[in-house]
Amino acid sequence: MVQKVLLLGSGFVAQPVVDVLGNTEGVEVTVGCRTLKAAEELAAASKSAAVSVDVTNAEQFESVLKDHDVVISLIPYIYHAAVVKSAIKLKKDVVTSSYISPALRELEPEIKAAGITVMNEIGLDPGIDHLYAVKTIDEVHKANGKIKSFISYCGGLPAPEDSDNPLGYKFSWSSRGVLLALRNPAKYYENGDLVQIKSEDLMATAKPYFIYPGYSFVCYPNRDSTTFRELYHIPEAETVIRGTLRFQGFPEFIKAFVDMGLLKDEENEIFKTEKSWREALGEYLGVPGNSKEELIAKIDSLATWKSDEDRERILNGFGWLGFFSIENKISPRGTPLDTLCATLEDLMQYEENERDLVVLQHKFGIEWADGSKETRTSTLVDYGKVGGYSSMAATVGLPVAIATKMVLDKKIQGPGLVAPYSPEINNPIMKELKEKYGIFLKEKTLA
């Protein structure tokens, strides 16, 4: 019997999902995107089907979904609820790589009543991070030990030799998603205290983080880490921090964007017509003249520079972005954020023969039953393959594909919302990722 999978989305991480499932015996894949051409290009390598589909048009979407057994949603998370509502109606299982959102939580009674499985959080972060966190926590608890601290940082970055722009960053997934994540407040536990960071202060909290001597990482907290004390069943943990890794210099650059209001996504007439970046910023920041010197003076009044060297470096970076030019035109997208995204996407893509890098590390502070202490790490350093998948595509797409096969085979099943927080779900995924694809975290005792 042939099982049919509908994949929604044609972004950076979708290709491994299509390739793995499209080449799995007994599975047929249909790639669905708003733009048929994008779907056809993604489907071509595995000779899968392609269709134009819009999940915001429930009738049209359901006319496609009804002929499939599982739908994978790799479109932005804000659309997952619409996908799940249609899946509930048609009693179809769902797989996503995104966090379980409040909108999905609200739908859980209906999901259970429909008897369907909605598998979430099975990419990289969230996803692979859960697999190895649960593994160590389960091992420690089975030996009557305690997890006194859990610190986890993950970053998708260019390989060091390819981090050759002022931000030290290139896009291996949605630029808008990257920038929106930088506007989130953060909350975590540290030494028993609840720490809360306002969104506008997030970049200012960034600090150096050592993993290996060859990397100059900085880290900052990511959203709400406090929920993981419950999700990971570690009520004894006094410190629980999950966050993001970037290369040195990135947070200060982003902080300047924040200070200038460039991460706002409210509609603004200034960013609706083509003009130079200097003109657009002059209007937006209220600079009376249109000279480079006046614009820099205004930026100086808004930004909080850490040092003269940082100021010079970031202003030079703004010049590289075209902010001071009368020749460099904006790509007007209606909001400061989206217009900035258009410029960043144009200048910060991976070139041919360049590689990306994924680094993930958990650090566990363990107290054993006899009172002895141990610090243990689980670390992934994975580079993209020139001519093959990017590391981001592999570490997100391959877990999605494996989990989808398990949902099809009823090895993962609800009914209800499911996520990889148990060894029963996690161990088979870890095994296949390691043995078939060479993706795993190296575990080490530091002290």
# chains A, B, ... in the order shown; residues from 1 in each chain; ligands from 1

$ residues_around --residues "Phe318 of chain A" --least-positions-apart "4" --cutoff "12 Å" --atoms "only C-alpha atoms" --output "list in words"
Asn165, Pro166, Leu167, Phe253, Ile254, Ala256, Phe257, Met260, Trp277, Arg278, Leu281, Lys292, Leu295, Ile296, Ile299, Arg311, Glu312, Arg313, Ile314, Gly322, Phe323, Phe324, Ser325, Asn328, Leu340, Thr343 and Leu344 of chain A

$ select_by_dssp --residues "segment 352-429 of chain A" --states "strand (DSSP E)" --output "PyMOL selection string"
chain A and resi 356-367+373-383+416-418

$ residues_around --residues "Phe440 of chain A" --least-positions-apart "5" --cutoff "12 Å" --atoms "only C-alpha atoms" --output "ChimeraX atom specification"
/A:124,128-129,131-132,358-361,378-382,394-395,399,427,429-435

$ closest_residue --among "A:Gly155, A:Gly397, A:Gly115, A:Gly286" --to "Val94 of chain A" --atoms "only C-alpha atoms"
A:Gly115

$ residues_around --residues "Glu59 of chain A" --least-positions-apart "4" --cutoff "12 Å" --atoms "only C-alpha atoms" --output "list in words"
Val53, Asp54, Val55, Ser63, Val64, Leu65, Lys66, Ala82, Val83, Lys85, Ser86, Lys89 and Leu90 of chain A

$ residues_around --residues "segment 365-373 of chain A" --least-positions-apart "6" --cutoff "6 Å" --atoms "only C-alpha atoms" --output "list in words"
Asn144, Gly145, Lys146, Ile147, Lys148 and Ser149 of chain A

$ write_last_selection --atoms "C-alpha atoms" --output "PDB file, in the first residue's frame"
ATOM      1  CA  ASN A 144      19.320   8.584  41.100  1.00  0.00           C
ATOM      2  CA  GLY A 145      21.376  11.640  40.168  1.00  0.00           C
ATOM      3  CA  LYS A 146      20.198  15.223  39.768  1.00  0.00           C
ATOM      4  CA  ILE A 147      20.594  17.787  37.005  1.00  0.00           C
ATOM      5  CA  LYS A 148      21.557  20.918  38.937  1.00  0.00           C
ATOM      6  CA  SER A 149      22.185  23.038  35.844  1.00  0.00           C
TER       7      SER A 149
END

$ closest_residue --among "A:Lys363, A:Lys405, A:Lys170, A:Glu161" --to "Lys4 of chain A" --atoms "only C-alpha atoms"
A:Lys405
